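**Q** Starting off with a structure, shown below.
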Amino acid sequence: QYTRMGVAASYDFNAAHEATSWGAFQLMGMNWKALRYADLTQFLGCMESATGQLDGFVRFVKVNNLAGFLHDLKWAEFAGGYNGPGYTKNAYDVKIAAAYARFRDT
């Protein structure tokens, strides 16, 4: 996909990078401003490390008021806020619940 990104970025760097999901948490580049990064370049730099990716995820959860859903184990509400209304198509809530159950006592 890096080849495609390079071609798209040659036309419009910002649009190409903002339309791409980044890191382990698949954060969309278009969220850089809402997540309070100084600019798109800072966001992209953070996506180069696991620590930066986790920071981006935490920012997303805070900015979108999703922490309460995690705390209360409301997986459908969290998945809806994180992945959008189509989350059921990929059963994200079910997958999150299963991961929680698997790791809860470890």
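Ligands are numbered from 1 in the order shown, chains are lettered A, B, ... in the order of the structure tokens, and residues start at 1 in each chain.
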Can you pull out every residue within 9 Å of stretch 4-7 of chain A, counting only C-alpha atoms, but drop anything in the same chain fewer than 4 positions away, and send it as a list in words?
**A**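 Surrounding residues, per the criterion: Tyr11, Phe13, Ala16, His17 and Thr20 of chain A.
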**Q** Can you pull out the residues contacting A:Asn83? Cut-off 10 Å, using only C-alpha atoms, and skip same-chain residues under 5 positions away; I want them as a PyMOL selection string.
**A** chain A and resi 26-27+77-78+88+90+92-93
**Q** Include all heavy atoms and write out the residues we just selected as an mmCIF file, in the first residue's frame.
**A**
data_model
loop_
_atom_site.group_PDB
_atom_site.id
_atom_site.type_symbol
_atom_site.label_atom_id
_atom_site.label_comp_id
_atom_site.auth_asym_id
_atom_site.auth_seq_id
_atom_site.Cartn_x
_atom_site.Cartn_y
_atom_site.Cartn_z
ATOM 1 N N GLN A 26 -5.559 1.924 13.918
ATOM 2 C CA GLN A 26 -6.175 2.356 12.664
ATOM 3 C C GLN A 26 -6.864 3.717 12.789
ATOM 4 O O GLN A 26 -8.023 3.899 12.412
ATOM 5 C CB GLN A 26 -7.149 1.295 12.158
ATOM 6 C CG GLN A 26 -6.458 0.005 11.753
ATOM 7 C CD GLN A 26 -5.524 0.192 10.571
ATOM 8 O OE1 GLN A 26 -5.969 0.337 9.447
ATOM 9 N NE2 GLN A 26 -4.222 0.221 10.806
ATOM 10 N N LEU A 27 -6.125 4.690 13.318
ATOM 11 C CA LEU A 27 -6.646 6.048 13.432
ATOM 12 C C LEU A 27 -6.567 6.747 12.083
ATOM 13 O O LEU A 27 -5.527 6.718 11.423
ATOM 14 C CB LEU A 27 -5.829 6.840 14.458
ATOM 15 C CG LEU A 27 -5.874 6.316 15.886
ATOM 16 C CD1 LEU A 27 -4.889 7.079 16.751
ATOM 17 C CD2 LEU A 27 -7.276 6.406 16.448
ATOM 18 N N GLU A 77 -21.514 0.222 22.626
ATOM 19 C CA GLU A 77 -21.427 1.683 22.618
ATOM 20 C C GLU A 77 -20.013 2.144 22.280
ATOM 21 O O GLU A 77 -19.809 3.095 21.529
ATOM 22 C CB GLU A 77 -21.876 2.251 23.965
ATOM 23 C CG GLU A 77 -23.354 2.110 24.229
ATOM 24 C CD GLU A 77 -23.746 0.763 24.845
ATOM 25 O OE1 GLU A 77 -22.936 -0.194 24.826
ATOM 26 O OE2 GLU A 77 -24.890 0.655 25.333
ATOM 27 N N PHE A 78 -19.016 1.455 22.852
ATOM 28 C CA PHE A 78 -17.635 1.802 22.541
ATOM 29 C C PHE A 78 -17.353 1.566 21.059
ATOM 30 O O PHE A 78 -16.803 2.438 20.377
ATOM 31 C CB PHE A 78 -16.637 1.010 23.394
ATOM 32 C CG PHE A 78 -15.223 1.285 22.990
ATOM 33 C CD1 PHE A 78 -14.589 2.444 23.416
ATOM 34 C CD2 PHE A 78 -14.532 0.424 22.165
ATOM 35 C CE1 PHE A 78 -13.292 2.734 23.018
ATOM 36 C CE2 PHE A 78 -13.237 0.697 21.763
ATOM 37 C CZ PHE A 78 -12.618 1.853 22.190
ATOM 38 N N THR A 88 -21.294 -3.210 13.574
ATOM 39 C CA THR A 88 -21.873 -4.547 13.678
ATOM 40 C C THR A 88 -21.515 -5.423 12.481
ATOM 41 O O THR A 88 -21.463 -6.642 12.607
ATOM 42 C CB THR A 88 -23.404 -4.477 13.815
ATOM 43 O OG1 THR A 88 -23.942 -3.764 12.704
ATOM 44 C CG2 THR A 88 -23.807 -3.788 15.116
ATOM 45 N N ASN A 90 -18.728 -5.938 11.172
ATOM 46 C CA ASN A 90 -17.521 -6.702 11.488
ATOM 47 C C ASN A 90 -17.526 -7.237 12.915
ATOM 48 O O ASN A 90 -16.504 -7.720 13.391
ATOM 49 C CB ASN A 90 -16.285 -5.829 11.266
ATOM 50 C CG ASN A 90 -16.106 -5.506 9.791
ATOM 51 O OD1 ASN A 90 -16.024 -6.403 8.960
ATOM 52 N ND2 ASN A 90 -16.065 -4.226 9.471
ATOM 53 N N TYR A 92 -17.413 -5.847 15.778
ATOM 54 C CA TYR A 92 -16.354 -5.302 16.626
ATOM 55 C C TYR A 92 -16.698 -5.405 18.104
ATOM 56 O O TYR A 92 -15.834 -5.689 18.933
ATOM 57 C CB TYR A 92 -16.039 -3.855 16.252
ATOM 58 C CG TYR A 92 -15.310 -3.724 14.948
ATOM 59 C CD1 TYR A 92 -15.733 -2.833 13.981
ATOM 60 C CD2 TYR A 92 -14.180 -4.483 14.674
ATOM 61 C CE1 TYR A 92 -15.064 -2.698 12.774
ATOM 62 C CE2 TYR A 92 -13.503 -4.365 13.479
ATOM 63 C CZ TYR A 92 -13.948 -3.473 12.525
ATOM 64 O OH TYR A 92 -13.283 -3.356 11.344
ATOM 65 N N ASP A 93 -17.953 -5.185 18.452
ATOM 66 C CA ASP A 93 -18.342 -5.283 19.859
ATOM 67 C C ASP A 93 -18.149 -6.694 20.395
ATOM 68 O O ASP A 93 -17.659 -6.884 21.507
ATOM 69 C CB ASP A 93 -19.780 -4.808 20.059
ATOM 70 C CG ASP A 93 -20.791 -5.567 19.209
ATOM 71 O OD1 ASP A 93 -20.441 -6.020 18.097
ATOM 72 O OD2 ASP A 93 -21.944 -5.700 19.657
#
**Q** As a list in words, which residues of chain A does DSSP assign to strand (DSSP E)?
**A**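 The residues of chain A classed as strand (DSSP E) are Ser21, Trp22, Leu27 and Met28 of chain A.
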**Q** Which residue is closest to A:Tyr100? Choose from A:Tyr37, A:Phe69, A:Tyr2, A:Trp75 and count only C-alpha atoms.
**A** A:Trp75
**Q** Select from stretch 14-79 of chain A everything DSSP, run on the backbone, classes as helix (DSSP H, G or I), then give the selection as number ranges by chain.
**A** A: 14-18, 29-31, 40-46, 50-63, 67-71, 75-79
**Q** Take the residues that were just selected and, keeping N, CA and C atoms, output them as a compact mmCIF listing (two decimals), in the first residue's frame.
**A**
# COMPACT_ATOMS: atom_id res chain seq x y z
N ASN A 14 -1.38 16.11 1.97
CA ASN A 14 -2.29 16.12 3.11
C ASN A 14 -3.51 15.25 2.87
N ALA A 15 -4.14 15.37 1.73
CA ALA A 15 -5.34 14.59 1.46
C ALA A 15 -5.04 13.09 1.51
N ALA A 16 -3.93 12.68 0.94
CA ALA A 16 -3.56 11.26 0.94
C ALA A 16 -3.35 10.74 2.36
N HIS A 17 -2.64 11.50 3.17
CA HIS A 17 -2.35 11.05 4.52
C HIS A 17 -3.55 11.17 5.46
N GLU A 18 -4.39 12.14 5.22
CA GLU A 18 -5.59 12.28 6.04
C GLU A 18 -6.63 11.22 5.72
N GLY A 29 -6.05 9.64 9.54
CA GLY A 29 -5.23 10.84 9.54
C GLY A 29 -6.04 12.12 9.64
N MET A 30 -7.28 12.08 9.17
CA MET A 30 -8.12 13.28 9.21
C MET A 30 -8.42 13.72 10.64
N ASN A 31 -8.14 12.86 11.61
CA ASN A 31 -8.42 13.18 13.01
C ASN A 31 -7.29 13.95 13.70
N LEU A 40 -0.36 17.76 10.94
CA LEU A 40 -0.41 16.41 10.37
C LEU A 40 0.94 15.72 10.49
N THR A 41 2.01 16.45 10.30
CA THR A 41 3.35 15.86 10.38
C THR A 41 3.62 15.31 11.78
N GLN A 42 3.22 16.02 12.82
CA GLN A 42 3.41 15.51 14.17
C GLN A 42 2.61 14.23 14.38
N PHE A 43 1.37 14.21 13.90
CA PHE A 43 0.55 13.01 14.00
C PHE A 43 1.24 11.83 13.31
N LEU A 44 1.71 12.04 12.09
CA LEU A 44 2.36 10.97 11.34
C LEU A 44 3.61 10.48 12.06
N GLY A 45 4.37 11.39 12.64
CA GLY A 45 5.55 11.01 13.40
C GLY A 45 5.20 10.12 14.59
N CYS A 46 4.12 10.45 15.25
CA CYS A 46 3.68 9.64 16.40
C CYS A 46 3.25 8.24 15.96
N ALA A 50 5.09 2.39 18.66
CA ALA A 50 3.99 1.81 19.43
C ALA A 50 3.52 2.77 20.51
N THR A 51 4.44 3.47 21.14
CA THR A 51 4.07 4.44 22.17
C THR A 51 3.23 5.57 21.58
N GLY A 52 3.63 6.06 20.43
CA GLY A 52 2.88 7.12 19.76
C GLY A 52 1.51 6.66 19.32
N GLN A 53 1.41 5.42 18.86
CA GLN A 53 0.12 4.88 18.45
C GLN A 53 -0.82 4.75 19.64
N LEU A 54 -0.29 4.29 20.77
CA LEU A 54 -1.10 4.19 21.98
C LEU A 54 -1.55 5.57 22.43
N ASP A 55 -0.66 6.55 22.36
CA ASP A 55 -1.02 7.92 22.70
C ASP A 55 -2.18 8.41 21.81
N GLY A 56 -2.11 8.12 20.53
CA GLY A 56 -3.18 8.51 19.62
C GLY A 56 -4.51 7.86 19.99
N PHE A 57 -4.46 6.58 20.34
CA PHE A 57 -5.67 5.87 20.75
C PHE A 57 -6.27 6.51 22.00
N VAL A 58 -5.43 6.78 22.99
CA VAL A 58 -5.92 7.40 24.23
C VAL A 58 -6.54 8.76 23.93
N ARG A 59 -5.88 9.54 23.07
CA ARG A 59 -6.44 10.84 22.70
C ARG A 59 -7.81 10.67 22.05
N PHE A 60 -7.93 9.69 21.14
CA PHE A 60 -9.20 9.46 20.45
C PHE A 60 -10.29 9.10 21.45
N VAL A 61 -9.97 8.20 22.38
CA VAL A 61 -10.95 7.79 23.39
C VAL A 61 -11.39 8.99 24.23
N LYS A 62 -10.44 9.81 24.64
CA LYS A 62 -10.78 10.98 25.47
C LYS A 62 -11.60 12.00 24.69
N VAL A 63 -11.15 12.35 23.50
CA VAL A 63 -11.83 13.38 22.70
C VAL A 63 -13.26 12.98 22.36
N ALA A 67 -14.26 6.70 27.14
CA ALA A 67 -13.67 6.02 28.29
C ALA A 67 -14.73 5.41 29.20
N GLY A 68 -15.84 6.09 29.37
CA GLY A 68 -16.91 5.56 30.23
C GLY A 68 -17.46 4.24 29.71
N PHE A 69 -17.56 4.12 28.39
CA PHE A 69 -18.04 2.86 27.82
C PHE A 69 -17.07 1.72 28.11
N LEU A 70 -15.77 2.00 28.05
CA LEU A 70 -14.79 0.98 28.40
C LEU A 70 -14.90 0.62 29.87
N HIS A 71 -14.98 1.63 30.71
CA HIS A 71 -15.08 1.40 32.16
C HIS A 71 -16.30 0.56 32.50
N TRP A 75 -19.54 -2.62 25.36
CA TRP A 75 -18.75 -2.86 24.14
C TRP A 75 -19.44 -2.32 22.90
N ALA A 76 -20.74 -2.47 22.79
CA ALA A 76 -21.44 -1.97 21.59
C ALA A 76 -21.34 -0.45 21.49
N GLU A 77 -21.51 0.22 22.63
CA GLU A 77 -21.43 1.68 22.62
C GLU A 77 -20.01 2.14 22.28
N PHE A 78 -19.02 1.45 22.85
CA PHE A 78 -17.63 1.80 22.54
C PHE A 78 -17.35 1.57 21.06
N ALA A 79 -17.73 0.40 20.56
CA ALA A 79 -17.47 0.07 19.15
C ALA A 79 -18.17 1.05 18.22
**Q** Report the distance between atom CA of A:Met47 and atom CA of A:Gly23 in Å, rounded to one decimal place.
**A**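 These atoms are spaced 5.7 Å apart.
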